[in-house]
>>> print(open('work-v2.cif').read())   # mmCIF, C-alpha atoms, pLDDT in the B column; chains and numbers go by the auth columns
data_work
loop_
_atom_site.group_PDB
_atom_site.id
_atom_site.type_symbol
_atom_site.label_atom_id
_atom_site.label_comp_id
_atom_site.label_asym_id
_atom_site.label_seq_id
_atom_site.Cartn_x
_atom_site.Cartn_y
_atom_site.Cartn_z
_atom_site.B_iso_or_equiv
_atom_site.auth_seq_id
_atom_site.auth_asym_id
ATOM 1 C CA MET A 1 -24.048 11.344 18.325 61.00 1 C
ATOM 2 C CA LEU A 2 -25.433 13.675 20.999 53.00 2 C
ATOM 3 C CA SER A 3 -24.043 11.426 23.746 75.00 3 C
ATOM 4 C CA TRP A 4 -20.635 11.461 22.038 75.00 4 C
ATOM 5 C CA GLN A 5 -20.674 15.257 21.867 82.00 5 C
ATOM 6 C CA LEU A 6 -21.725 15.581 25.505 84.00 6 C
ATOM 7 C CA THR A 7 -18.930 13.261 26.585 84.00 7 C
ATOM 8 C CA HIS A 8 -16.387 15.378 24.744 84.00 8 C
ATOM 9 C CA VAL A 9 -17.783 18.607 26.229 90.00 9 C
ATOM 10 C CA LEU A 10 -17.465 17.209 29.745 88.00 10 C
ATOM 11 C CA THR A 11 -13.992 15.909 28.969 89.00 11 C
ATOM 12 C CA ALA A 12 -12.892 19.327 27.736 90.00 12 C
ATOM 13 C CA LEU A 13 -14.105 20.921 30.980 91.00 13 C
ATOM 14 C CA LEU A 14 -12.498 18.326 33.258 92.00 14 C
ATOM 15 C CA LEU A 15 -9.081 18.227 31.597 96.00 15 C
ATOM 16 C CA PRO A 16 -6.386 20.886 31.331 96.00 16 C
ATOM 17 C CA PRO A 17 -6.490 23.559 30.097 96.00 17 C
ATOM 18 C CA GLY A 18 -10.300 23.617 30.458 97.00 18 C
ATOM 19 C CA ILE A 19 -10.381 22.900 34.200 97.00 19 C
ATOM 20 C CA LEU A 20 -7.609 25.434 34.807 97.00 20 C
ATOM 21 C CA ILE A 21 -9.482 28.110 32.866 97.00 21 C
ATOM 22 C CA LEU A 22 -12.548 27.417 35.011 97.00 22 C
ATOM 23 C CA VAL A 23 -10.460 27.727 38.189 97.00 23 C
ATOM 24 C CA MET A 24 -8.977 31.047 37.067 98.00 24 C
ATOM 25 C CA ALA A 25 -12.366 32.320 35.920 97.00 25 C
ATOM 26 C CA GLY A 26 -13.728 31.469 39.352 97.00 26 C
ATOM 27 C CA GLY A 27 -10.854 33.387 40.905 97.00 27 C
ATOM 28 C CA LEU A 28 -11.648 36.437 38.807 97.00 28 C
ATOM 29 C CA ALA A 29 -15.312 36.254 39.814 96.00 29 C
ATOM 30 C CA LEU A 30 -14.369 36.107 43.502 96.00 30 C
ATOM 31 C CA ARG A 31 -11.727 38.840 43.555 93.00 31 C
ATOM 32 C CA ARG A 32 -14.039 41.625 44.679 92.00 32 C
ATOM 33 C CA ARG A 33 -15.913 39.721 47.379 93.00 33 C
ATOM 34 C CA ARG A 34 -13.055 37.472 48.554 96.00 34 C
ATOM 35 C CA PRO A 35 -9.815 38.936 47.185 95.00 35 C
ATOM 36 C CA HIS A 36 -7.435 36.507 48.890 96.00 36 C
ATOM 37 C CA LEU A 37 -9.312 33.424 47.700 97.00 37 C
ATOM 38 C CA GLY A 38 -9.765 34.868 44.219 97.00 38 C
ATOM 39 C CA THR A 39 -6.108 35.757 43.872 97.00 39 C
ATOM 40 C CA GLY A 40 -5.115 32.344 45.187 98.00 40 C
ATOM 41 C CA LEU A 41 -7.251 30.565 42.622 98.00 41 C
ATOM 42 C CA ILE A 42 -5.820 32.631 39.782 98.00 42 C
ATOM 43 C CA ALA A 43 -2.248 32.041 40.958 98.00 43 C
ATOM 44 C CA SER A 44 -2.889 28.313 41.424 98.00 44 C
ATOM 45 C CA GLY A 45 -4.384 28.021 37.950 98.00 45 C
ATOM 46 C CA LEU A 46 -1.455 29.810 36.346 98.00 46 C
ATOM 47 C CA ALA A 47 1.094 27.739 38.279 98.00 47 C
ATOM 48 C CA ALA A 48 -0.629 24.481 37.337 98.00 48 C
ATOM 49 C CA LEU A 49 -0.837 25.592 33.712 98.00 49 C
ATOM 50 C CA TYR A 50 2.906 26.250 33.657 98.00 50 C
ATOM 51 C CA VAL A 51 3.837 22.978 35.355 98.00 51 C
ATOM 52 C CA LEU A 52 1.587 20.871 33.147 98.00 52 C
ATOM 53 C CA SER A 53 2.967 22.621 30.050 98.00 53 C
ATOM 54 C CA MET A 54 6.541 21.580 30.838 98.00 54 C
ATOM 55 C CA PRO A 55 7.836 18.670 28.724 98.00 55 C
ATOM 56 C CA LEU A 56 9.449 17.181 31.843 98.00 56 C
ATOM 57 C CA THR A 57 6.087 16.974 33.610 98.00 57 C
ATOM 58 C CA ALA A 58 4.369 15.427 30.607 98.00 58 C
ATOM 59 C CA HIS A 59 7.147 12.858 30.234 98.00 59 C
ATOM 60 C CA VAL A 60 7.058 11.849 33.903 98.00 60 C
ATOM 61 C CA LEU A 61 3.254 11.510 33.895 98.00 61 C
ATOM 62 C CA LEU A 62 2.944 9.480 30.686 98.00 62 C
ATOM 63 C CA ALA A 63 6.066 7.337 31.118 97.00 63 C
ATOM 64 C CA GLY A 64 4.947 6.433 34.638 97.00 64 C
ATOM 65 C CA TRP A 65 1.469 5.505 33.383 98.00 65 C
ATOM 66 C CA GLU A 66 2.509 3.357 30.426 98.00 66 C
ATOM 67 C CA PRO A 67 3.006 -0.385 31.015 94.00 67 C
ATOM 68 C CA GLN A 68 6.405 -1.942 30.653 89.00 68 C
ATOM 69 C CA PRO A 69 7.079 -3.255 27.132 88.00 69 C
ATOM 70 C CA PRO A 70 6.326 -6.990 27.053 76.00 70 C
ATOM 71 C CA ALA A 71 8.905 -9.593 26.159 69.00 71 C
ATOM 72 C CA ALA A 72 9.594 -9.807 22.439 60.00 72 C
ATOM 73 C CA THR A 73 7.215 -12.665 21.650 63.00 73 C
ATOM 74 C CA THR A 74 4.469 -13.160 19.126 67.00 74 C
ATOM 75 C CA ASP A 75 3.110 -16.405 20.558 72.00 75 C
ATOM 76 C CA GLY A 76 -0.382 -16.984 21.890 83.00 76 C
ATOM 77 C CA GLY A 77 -2.657 -14.699 19.905 92.00 77 C
ATOM 78 C CA ALA A 78 -5.080 -15.795 17.206 97.00 78 C
ATOM 79 C CA ALA A 79 -5.724 -12.333 15.732 98.00 79 C
ATOM 80 C CA ILE A 80 -4.511 -8.739 15.805 98.00 80 C
ATOM 81 C CA VAL A 81 -6.962 -6.031 16.888 98.00 81 C
ATOM 82 C CA VAL A 82 -6.041 -2.439 16.006 98.00 82 C
ATOM 83 C CA LEU A 83 -7.848 0.454 17.667 98.00 83 C
ATOM 84 C CA GLY A 84 -8.452 3.684 15.811 98.00 84 C
ATOM 85 C CA GLY A 85 -6.880 6.897 17.079 97.00 85 C
ATOM 86 C CA GLY A 86 -8.832 9.483 15.106 95.00 86 C
ATOM 87 C CA LYS A 87 -9.293 10.598 11.520 95.00 87 C
ATOM 88 C CA SER A 88 -8.705 13.724 9.465 95.00 88 C
ATOM 89 C CA HIS A 89 -11.817 15.079 7.768 94.00 89 C
ATOM 90 C CA SER A 90 -11.796 16.298 4.168 94.00 90 C
ATOM 91 C CA ALA A 91 -8.011 16.184 3.864 95.00 91 C
ATOM 92 C CA PRO A 92 -7.415 18.181 0.656 96.00 92 C
ATOM 93 C CA GLU A 93 -4.214 16.372 -0.274 95.00 93 C
ATOM 94 C CA PHE A 94 -6.041 13.015 -0.161 93.00 94 C
ATOM 95 C CA GLY A 95 -9.318 14.231 -1.601 93.00 95 C
ATOM 96 C CA GLY A 96 -11.382 13.184 1.406 94.00 96 C
ATOM 97 C CA ASP A 97 -11.244 11.669 4.869 95.00 97 C
ATOM 98 C CA THR A 98 -8.133 9.784 5.916 97.00 98 C
ATOM 99 C CA VAL A 99 -6.608 8.349 9.068 97.00 99 C
ATOM 100 C CA HIS A 100 -5.147 10.704 11.643 94.00 100 C
ATOM 101 C CA GLY A 101 -1.468 10.624 12.564 96.00 101 C
ATOM 102 C CA ALA A 102 -2.128 8.695 15.798 97.00 102 C
ATOM 103 C CA THR A 103 -4.053 6.031 13.888 98.00 103 C
ATOM 104 C CA LEU A 104 -1.297 5.798 11.307 98.00 104 C
ATOM 105 C CA VAL A 105 1.247 5.084 14.055 98.00 105 C
ATOM 106 C CA ARG A 106 -0.884 2.178 15.253 98.00 106 C
ATOM 107 C CA LEU A 107 -1.404 0.853 11.725 98.00 107 C
ATOM 108 C CA ARG A 108 2.293 0.920 11.043 98.00 108 C
ATOM 109 C CA TYR A 109 2.971 -1.247 14.089 97.00 109 C
ATOM 110 C CA ALA A 110 0.065 -3.547 13.263 98.00 110 C
ATOM 111 C CA ALA A 111 1.502 -4.080 9.781 98.00 111 C
ATOM 112 C CA HIS A 112 4.879 -4.878 11.313 97.00 112 C
ATOM 113 C CA LEU A 113 3.257 -7.349 13.699 96.00 113 C
ATOM 114 C CA GLN A 114 1.178 -8.966 10.969 97.00 114 C
ATOM 115 C CA ARG A 115 4.267 -9.591 8.842 96.00 115 C
ATOM 116 C CA ARG A 116 5.958 -11.252 11.817 94.00 116 C
ATOM 117 C CA THR A 117 3.008 -13.430 12.786 94.00 117 C
ATOM 118 C CA GLY A 118 0.848 -13.872 9.687 96.00 118 C
ATOM 119 C CA LEU A 119 -2.227 -13.391 11.899 97.00 119 C
ATOM 120 C CA PRO A 120 -5.460 -11.875 10.553 98.00 120 C
ATOM 121 C CA ILE A 121 -6.285 -8.278 11.463 98.00 121 C
ATOM 122 C CA LEU A 122 -9.430 -6.664 12.834 98.00 122 C
ATOM 123 C CA VAL A 123 -9.625 -2.863 12.665 98.00 123 C
ATOM 124 C CA SER A 124 -11.971 -1.077 15.052 98.00 124 C
ATOM 125 C CA GLY A 125 -13.329 2.459 14.926 98.00 125 C
ATOM 126 C CA GLY A 126 -16.689 3.992 14.139 97.00 126 C
ATOM 127 C CA SER A 127 -17.989 7.367 13.043 95.00 127 C
ATOM 128 C CA PRO A 128 -19.683 8.899 16.094 90.00 128 C
ATOM 129 C CA GLU A 129 -19.380 12.410 14.644 88.00 129 C
ATOM 130 C CA GLY A 130 -21.567 11.339 11.710 88.00 130 C
ATOM 131 C CA SER A 131 -19.187 11.399 8.745 89.00 131 C
ATOM 132 C CA PRO A 132 -19.983 8.918 5.922 91.00 132 C
ATOM 133 C CA GLN A 133 -16.897 6.710 6.259 95.00 133 C
ATOM 134 C CA THR A 134 -16.098 4.941 9.484 97.00 134 C
ATOM 135 C CA GLU A 135 -12.630 5.062 10.912 98.00 135 C
ATOM 136 C CA ALA A 136 -12.338 1.307 10.498 98.00 136 C
ATOM 137 C CA GLU A 137 -12.996 1.599 6.761 98.00 137 C
ATOM 138 C CA LEU A 138 -10.240 4.195 6.449 98.00 138 C
ATOM 139 C CA MET A 139 -7.911 1.982 8.476 98.00 139 C
ATOM 140 C CA GLN A 140 -8.656 -0.990 6.237 98.00 140 C
ATOM 141 C CA ARG A 141 -7.934 1.051 3.110 98.00 141 C
ATOM 142 C CA THR A 142 -4.671 2.373 4.533 98.00 142 C
ATOM 143 C CA LEU A 143 -3.408 -1.039 5.593 98.00 143 C
ATOM 144 C CA GLN A 144 -4.289 -2.663 2.287 98.00 144 C
ATOM 145 C CA GLN A 145 -3.255 0.090 -0.113 97.00 145 C
ATOM 146 C CA GLU A 146 -0.280 1.627 1.676 97.00 146 C
ATOM 147 C CA PHE A 147 1.121 -1.271 3.716 98.00 147 C
ATOM 148 C CA SER A 148 -0.028 -4.184 1.491 98.00 148 C
ATOM 149 C CA VAL A 149 -1.437 -5.914 4.564 98.00 149 C
ATOM 150 C CA PRO A 150 -4.844 -7.660 4.380 98.00 150 C
ATOM 151 C CA VAL A 151 -7.675 -6.892 6.804 98.00 151 C
ATOM 152 C CA ARG A 152 -10.184 -9.638 7.586 98.00 152 C
ATOM 153 C CA TRP A 153 -12.648 -7.875 9.900 98.00 153 C
ATOM 154 C CA VAL A 154 -13.922 -4.280 9.935 98.00 154 C
ATOM 155 C CA GLU A 155 -15.697 -3.145 13.099 98.00 155 C
ATOM 156 C CA GLY A 156 -17.225 0.247 12.317 98.00 156 C
ATOM 157 C CA GLY A 157 -19.943 0.635 14.932 97.00 157 C
ATOM 158 C CA SER A 158 -17.948 1.765 17.963 97.00 158 C
ATOM 159 C CA ALA A 159 -17.890 5.226 19.524 94.00 159 C
ATOM 160 C CA ASN A 160 -15.377 4.614 22.316 95.00 160 C
ATOM 161 C CA THR A 161 -12.943 2.052 23.699 97.00 161 C
ATOM 162 C CA LEU A 162 -15.648 0.143 25.537 96.00 162 C
ATOM 163 C CA ASP A 163 -17.557 -0.242 22.275 97.00 163 C
ATOM 164 C CA ASN A 164 -14.335 -1.301 20.543 98.00 164 C
ATOM 165 C CA ALA A 165 -13.993 -4.160 23.001 98.00 165 C
ATOM 166 C CA ARG A 166 -17.576 -5.375 23.054 97.00 166 C
ATOM 167 C CA LEU A 167 -18.186 -5.206 19.304 98.00 167 C
ATOM 168 C CA SER A 168 -14.803 -6.746 18.474 98.00 168 C
ATOM 169 C CA TYR A 169 -15.539 -9.609 20.858 98.00 169 C
ATOM 170 C CA ARG A 170 -18.893 -10.176 19.204 98.00 170 C
ATOM 171 C CA MET A 171 -17.194 -10.521 15.798 98.00 171 C
ATOM 172 C CA LEU A 172 -14.245 -12.656 16.872 98.00 172 C
ATOM 173 C CA ALA A 173 -16.037 -14.917 19.346 97.00 173 C
ATOM 174 C CA ALA A 174 -18.295 -15.975 16.468 97.00 174 C
ATOM 175 C CA GLU A 175 -15.144 -17.471 14.932 96.00 175 C
ATOM 176 C CA ASN A 176 -13.958 -18.892 18.265 97.00 176 C
ATOM 177 C CA ILE A 177 -11.168 -16.323 18.619 98.00 177 C
ATOM 178 C CA ARG A 178 -10.652 -15.090 22.168 97.00 178 C
ATOM 179 C CA SER A 179 -6.902 -14.494 22.355 97.00 179 C
ATOM 180 C CA ILE A 180 -5.644 -11.352 20.621 97.00 180 C
ATOM 181 C CA HIS A 181 -2.701 -9.040 20.159 97.00 181 C
ATOM 182 C CA LEU A 182 -4.112 -5.607 20.999 97.00 182 C
ATOM 183 C CA VAL A 183 -2.498 -2.676 19.191 98.00 183 C
ATOM 184 C CA THR A 184 -2.829 0.851 20.541 98.00 184 C
ATOM 185 C CA HIS A 185 -0.668 3.628 21.999 98.00 185 C
ATOM 186 C CA ALA A 186 1.232 2.742 25.167 98.00 186 C
ATOM 187 C CA TRP A 187 -0.561 5.488 27.118 98.00 187 C
ATOM 188 C CA HIS A 188 -3.928 4.018 26.038 98.00 188 C
ATOM 189 C CA MET A 189 -3.060 0.389 26.761 98.00 189 C
ATOM 190 C CA PRO A 190 -4.059 0.193 30.476 98.00 190 C
ATOM 191 C CA ARG A 191 -7.609 1.351 29.724 97.00 191 C
ATOM 192 C CA ALA A 192 -7.886 -0.662 26.507 98.00 192 C
ATOM 193 C CA GLN A 193 -6.593 -3.848 28.111 97.00 193 C
ATOM 194 C CA LEU A 194 -9.026 -3.435 31.012 97.00 194 C
ATOM 195 C CA VAL A 195 -12.134 -3.308 28.828 97.00 195 C
ATOM 196 C CA PHE A 196 -10.985 -5.928 26.315 98.00 196 C
ATOM 197 C CA GLU A 197 -10.324 -8.410 29.098 97.00 197 C
ATOM 198 C CA ALA A 198 -13.673 -7.525 30.671 97.00 198 C
ATOM 199 C CA ALA A 199 -15.309 -8.251 27.297 97.00 199 C
ATOM 200 C CA GLY A 200 -13.893 -11.792 27.390 97.00 200 C
ATOM 201 C CA PHE A 201 -10.581 -11.610 25.538 98.00 201 C
ATOM 202 C CA LYS A 202 -7.207 -12.886 26.596 97.00 202 C
ATOM 203 C CA VAL A 203 -5.119 -9.819 25.727 97.00 203 C
ATOM 204 C CA ILE A 204 -1.497 -9.825 24.633 95.00 204 C
ATOM 205 C CA PRO A 205 -0.542 -6.121 24.818 96.00 205 C
ATOM 206 C CA ALA A 206 1.051 -4.828 21.615 96.00 206 C
ATOM 207 C CA ALA A 207 1.603 -1.219 22.583 97.00 207 C
ATOM 208 C CA THR A 208 3.400 1.282 20.400 97.00 208 C
ATOM 209 C CA ALA A 209 4.648 4.891 20.588 97.00 209 C
ATOM 210 C CA TYR A 210 6.100 4.693 24.086 97.00 210 C
ATOM 211 C CA THR A 211 7.038 7.973 25.767 97.00 211 C
ATOM 212 C CA THR A 212 10.827 8.294 25.584 95.00 212 C
ATOM 213 C CA ARG A 213 13.417 11.035 25.915 91.00 213 C
ATOM 214 C CA TYR A 214 17.021 11.303 24.720 92.00 214 C
ATOM 215 C CA ARG A 215 18.349 13.490 27.520 94.00 215 C
ATOM 216 C CA LEU A 216 17.289 16.217 29.949 96.00 216 C
ATOM 217 C CA THR A 217 17.806 19.755 28.677 97.00 217 C
ATOM 218 C CA ILE A 218 16.682 23.275 29.557 98.00 218 C
ATOM 219 C CA LEU A 219 13.895 22.880 26.992 97.00 219 C
ATOM 220 C CA ASP A 220 12.254 20.305 29.270 98.00 220 C
ATOM 221 C CA PHE A 221 11.456 23.115 31.710 98.00 221 C
ATOM 222 C CA LEU A 222 10.030 25.546 29.149 98.00 222 C
ATOM 223 C CA PRO A 223 6.262 25.303 28.538 98.00 223 C
ATOM 224 C CA ASN A 224 4.849 24.343 25.172 98.00 224 C
ATOM 225 C CA ALA A 225 1.495 23.268 23.745 97.00 225 C
ATOM 226 C CA ARG A 226 2.545 19.705 22.952 97.00 226 C
ATOM 227 C CA ALA A 227 3.545 19.055 26.558 98.00 227 C
ATOM 228 C CA LEU A 228 0.211 20.415 27.780 98.00 228 C
ATOM 229 C CA ARG A 229 -1.552 18.064 25.372 97.00 229 C
ATOM 230 C CA ASP A 230 0.449 15.112 26.682 98.00 230 C
ATOM 231 C CA SER A 231 -0.284 16.037 30.295 98.00 231 C
ATOM 232 C CA ALA A 232 -3.966 16.224 29.386 98.00 232 C
ATOM 233 C CA LEU A 233 -3.700 12.752 27.832 97.00 233 C
ATOM 234 C CA PHE A 234 -2.518 11.395 31.167 98.00 234 C
ATOM 235 C CA PHE A 235 -5.479 12.841 33.049 97.00 235 C
ATOM 236 C CA HIS A 236 -7.841 11.714 30.279 97.00 236 C
ATOM 237 C CA GLU A 237 -6.657 8.133 30.706 97.00 237 C
ATOM 238 C CA VAL A 238 -6.820 8.233 34.503 97.00 238 C
ATOM 239 C CA ILE A 239 -10.382 9.583 34.448 95.00 239 C
ATOM 240 C CA GLY A 240 -11.292 7.144 31.672 95.00 240 C
ATOM 241 C CA ILE A 241 -10.052 4.071 33.502 96.00 241 C
ATOM 242 C CA VAL A 242 -11.860 5.095 36.709 95.00 242 C
ATOM 243 C CA TRP A 243 -15.083 5.655 34.735 93.00 243 C
ATOM 244 C CA TYR A 244 -14.790 2.344 32.911 94.00 244 C
ATOM 245 C CA ARG A 245 -14.133 0.469 36.159 93.00 245 C
ATOM 246 C CA LEU A 246 -17.299 1.983 37.598 92.00 246 C
ATOM 247 C CA ARG A 247 -19.302 1.088 34.478 87.00 247 C
ATOM 248 C CA LEU A 248 -18.012 -2.476 34.495 87.00 248 C
ATOM 249 C CA ILE A 249 -18.921 -2.845 38.180 76.00 249 C
ATOM 250 C CA LEU A 250 -22.354 -1.317 37.765 66.00 250 C
#
>>> encode(input="work-v2.cif", output="structure tokens")
Amino acid sequence: MLSWQLTHVLTALLLPPGILILVMAGGLALRRRRPHLGTGLIASGLAALYVLSMPLTAHVLLAGWEPQPPAATTDGGAAIVVLGGGKSHSAPEFGGDTVHGATLVRLRYAAHLQRRTGLPILVSGGSPEGSPQTEAELMQRTLQQEFSVPVRWVEGGSANTLDNARLSYRMLAAENIRSIHLVTHAWHMPRAQLVFEAAGFKVIPAATAYTTRYRLTILDFLPNARALRDSALFFHEVIGIVWYRLRLIL
């Protein structure tokens, strides 16, 4: 759990707005000794914060990162693997932990895919923060109770995408399953596909929640918190895929 917390601390410092706050704080610290450099850092941090908070920027970054939707086919896979996207703790309206909105989006698409293919489902997601129920258990309950879709395998030991891949492979390879439909967000698919293929799977991408836009308006140039979050997602995935490539090489 300590390693998981440390990873998230480092991530928060490397991604916007954390990295931008550090840049501006550095500028403030330097203003007396080196006023031009200090002022430049503050101005650069503010400008980057504005640009990354624009919906247009977030759309361009994520849409350019996401893979093209595959052809509408359900052939080739022997199972469906669904990756968790977070959980909500102690949700009062549900009387306990439940799946987060991002996870629910993935489960909805997995249920749709399962009805089309009839393939068995594996749900993957642990509890690195230490809560009693794993994310996979919550995913299983949601699929079975709310979507009436059966779940055959529950992988609840993972703390990250690399764990998802390796532990899922261990479970499915034991049943001679190495070709899967992989369900996750479109922005997460490049990193997920990389590690699942490195684990030994033949991956058929089954991405969902693509970044789309109806039309360009003035609102696309006005900063908001959701756009900043989406821009941060892009940098999180870029850093993550570089880190995983290094880990797989080493």
>>> atom_distance(input="work-v2.cif", atom1="CA of Asp230 in chain C", atom2="CA of Arg247 in chain C")
25.4 Å
>>> resolve_selection(input="work-v2.cif", expression="the PyMOL selection byres ((chain C and resi 111) around 12)", output="PDB file with C-alpha atoms, in the frame of the given file")
ATOM      1  CA  ILE C  80      -4.511  -8.739  15.805  1.00 98.00           C
ATOM      2  CA  VAL C  81      -6.962  -6.031  16.888  1.00 98.00           C
ATOM      3  CA  VAL C  82      -6.041  -2.439  16.006  1.00 98.00           C
ATOM      4  CA  LEU C 104      -1.297   5.798  11.307  1.00 98.00           C
ATOM      5  CA  VAL C 105       1.247   5.084  14.055  1.00 98.00           C
ATOM      6  CA  ARG C 106      -0.884   2.178  15.253  1.00 98.00           C
ATOM      7  CA  LEU C 107      -1.404   0.853  11.725  1.00 98.00           C
ATOM      8  CA  ARG C 108       2.293   0.920  11.043  1.00 98.00           C
ATOM      9  CA  TYR C 109       2.971  -1.247  14.089  1.00 97.00           C
ATOM     10  CA  ALA C 110       0.065  -3.547  13.263  1.00 98.00           C
ATOM     11  CA  HIS C 112       4.879  -4.878  11.313  1.00 97.00           C
ATOM     12  CA  LEU C 113       3.257  -7.349  13.699  1.00 96.00           C
ATOM     13  CA  GLN C 114       1.178  -8.966  10.969  1.00 97.00           C
ATOM     14  CA  ARG C 115       4.267  -9.591   8.842  1.00 96.00           C
ATOM     15  CA  ARG C 116       5.958 -11.252  11.817  1.00 94.00           C
ATOM     16  CA  THR C 117       3.008 -13.430  12.786  1.00 94.00           C
ATOM     17  CA  GLY C 118       0.848 -13.872   9.687  1.00 96.00           C
ATOM     18  CA  LEU C 119      -2.227 -13.391  11.899  1.00 97.00           C
ATOM     19  CA  PRO C 120      -5.460 -11.875  10.553  1.00 98.00           C
ATOM     20  CA  ILE C 121      -6.285  -8.278  11.463  1.00 98.00           C
ATOM     21  CA  LEU C 122      -9.430  -6.664  12.834  1.00 98.00           C
ATOM     22  CA  VAL C 123      -9.625  -2.863  12.665  1.00 98.00           C
ATOM     23  CA  MET C 139      -7.911   1.982   8.476  1.00 98.00           C
ATOM     24  CA  GLN C 140      -8.656  -0.990   6.237  1.00 98.00           C
ATOM     25  CA  THR C 142      -4.671   2.373   4.533  1.00 98.00           C
ATOM     26  CA  LEU C 143      -3.408  -1.039   5.593  1.00 98.00           C
ATOM     27  CA  GLN C 144      -4.289  -2.663   2.287  1.00 98.00           C
ATOM     28  CA  GLN C 145      -3.255   0.090  -0.113  1.00 97.00           C
ATOM     29  CA  GLU C 146      -0.280   1.627   1.676  1.00 97.00           C
ATOM     30  CA  PHE C 147       1.121  -1.271   3.716  1.00 98.00           C
ATOM     31  CA  SER C 148      -0.028  -4.184   1.491  1.00 98.00           C
ATOM     32  CA  VAL C 149      -1.437  -5.914   4.564  1.00 98.00           C
ATOM     33  CA  PRO C 150      -4.844  -7.660   4.380  1.00 98.00           C
ATOM     34  CA  VAL C 151      -7.675  -6.892   6.804  1.00 98.00           C
ATOM     35  CA  VAL C 183      -2.498  -2.676  19.191  1.00 98.00           C
ATOM     36  CA  ALA C 206       1.051  -4.828  21.615  1.00 96.00           C
TER      37      ALA C 206
END
>>> axis_aligned_box(input="work-v2.cif", around="range 105-119 of chain C", padding_each_side="4 Å", output="AutoDock Vina command-line options")
--center_x 1.9 --center_y -4.4 --center_z 12.0 --size_x 16.2 --size_y 27.0 --size_z 14.4
>>> atom_distance(input="work-v2.cif", atom1="CA of Ala159 in chain C", atom2="CA of Leu61 in chain C")
26.3 Å
>>> residues_near_point(input="work-v2.cif", point="(-4.4, -8.9, 20.8)", cutoff="6 Å", atoms="all atoms listed in the file", output="number ranges by chain")
C: 80-81, 180-182, 203-204
>>> atom_distance(input="work-v2.cif", atom1="CA of Glu197 in chain C", atom2="CA of Tyr169 in chain C")
9.8 Å
>>> resolve_selection(input="work-v2.cif", expression="the PyMOL selection byres ((chain C and resi 178) around 8)", output="compact mmCIF listing (two decimals) with C-alpha atoms, in the frame of the given file")
# COMPACT_ATOMS: atom_id res chain seq x y z
CA ALA C 78 -5.08 -15.80 17.21
CA TYR C 169 -15.54 -9.61 20.86
CA LEU C 172 -14.24 -12.66 16.87
CA ALA C 173 -16.04 -14.92 19.35
CA ASN C 176 -13.96 -18.89 18.26
CA ILE C 177 -11.17 -16.32 18.62
CA SER C 179 -6.90 -14.49 22.36
CA ILE C 180 -5.64 -11.35 20.62
CA GLY C 200 -13.89 -11.79 27.39
CA PHE C 201 -10.58 -11.61 25.54
CA LYS C 202 -7.21 -12.89 26.60
>>> closest_residue(input="work-v2.cif", among="C:Gly95, C:Pro128, C:Gly157, C:Ala174", to="Ser3 in chain C", atoms="all atoms listed in the file")
C:Pro128
>>> residues_around(input="work-v2.cif", residues="His59 in chain C", least_positions_apart="2", cutoff="8 Å", atoms="all atoms listed in the file", output="tab-separated table (two decimals) with C-alpha atoms, in the coordinates of the input")
chain	number	residue	atom	x	y	z
C	55	PRO	CA	7.84	18.67	28.72
C	56	LEU	CA	9.45	17.18	31.84
C	57	THR	CA	6.09	16.97	33.61
C	61	LEU	CA	3.25	11.51	33.90
C	62	LEU	CA	2.94	9.48	30.69
C	63	ALA	CA	6.07	7.34	31.12
C	211	THR	CA	7.04	7.97	25.77
C	212	THR	CA	10.83	8.29	25.58
C	213	ARG	CA	13.42	11.04	25.92
C	230	ASP	CA	0.45	15.11	26.68
>>> closest_residue(input="work-v2.cif", among="C:Pro190, C:Pro205, C:Pro69, C:Gly156", to="Tyr244 in chain C", atoms="only C-alpha atoms")
C:Pro190
>>> closest_residue(input="work-v2.cif", among="C:Leu167, C:Glu66, C:Asn160, C:Pro35", to="Gly86 in chain C", atoms="all atoms listed in the file")
C:Asn160
>>> closest_residue(input="work-v2.cif", among="C:Arg229, C:Arg33, C:His236, C:His188", to="Gly84 in chain C", atoms="only C-alpha atoms")
C:His188
>>> closest_residue(input="work-v2.cif", among="C:Val195, C:Phe221, C:Ala25, C:Leu30", to="Ile241 in chain C", atoms="all atoms listed in the file")
C:Val195
>>> resolve_selection(input="work-v2.cif", expression="the PyMOL selection byres ((chain C and resi 209) around 6)", output="MDAnalysis selection string")
chainID C and resid 185 208 210
>>> closest_residue(input="work-v2.cif", among="C:Arg34, C:His89, C:Arg166, C:Arg152", to="Thr134 in chain C", atoms="all atoms listed in the file")
C:His89
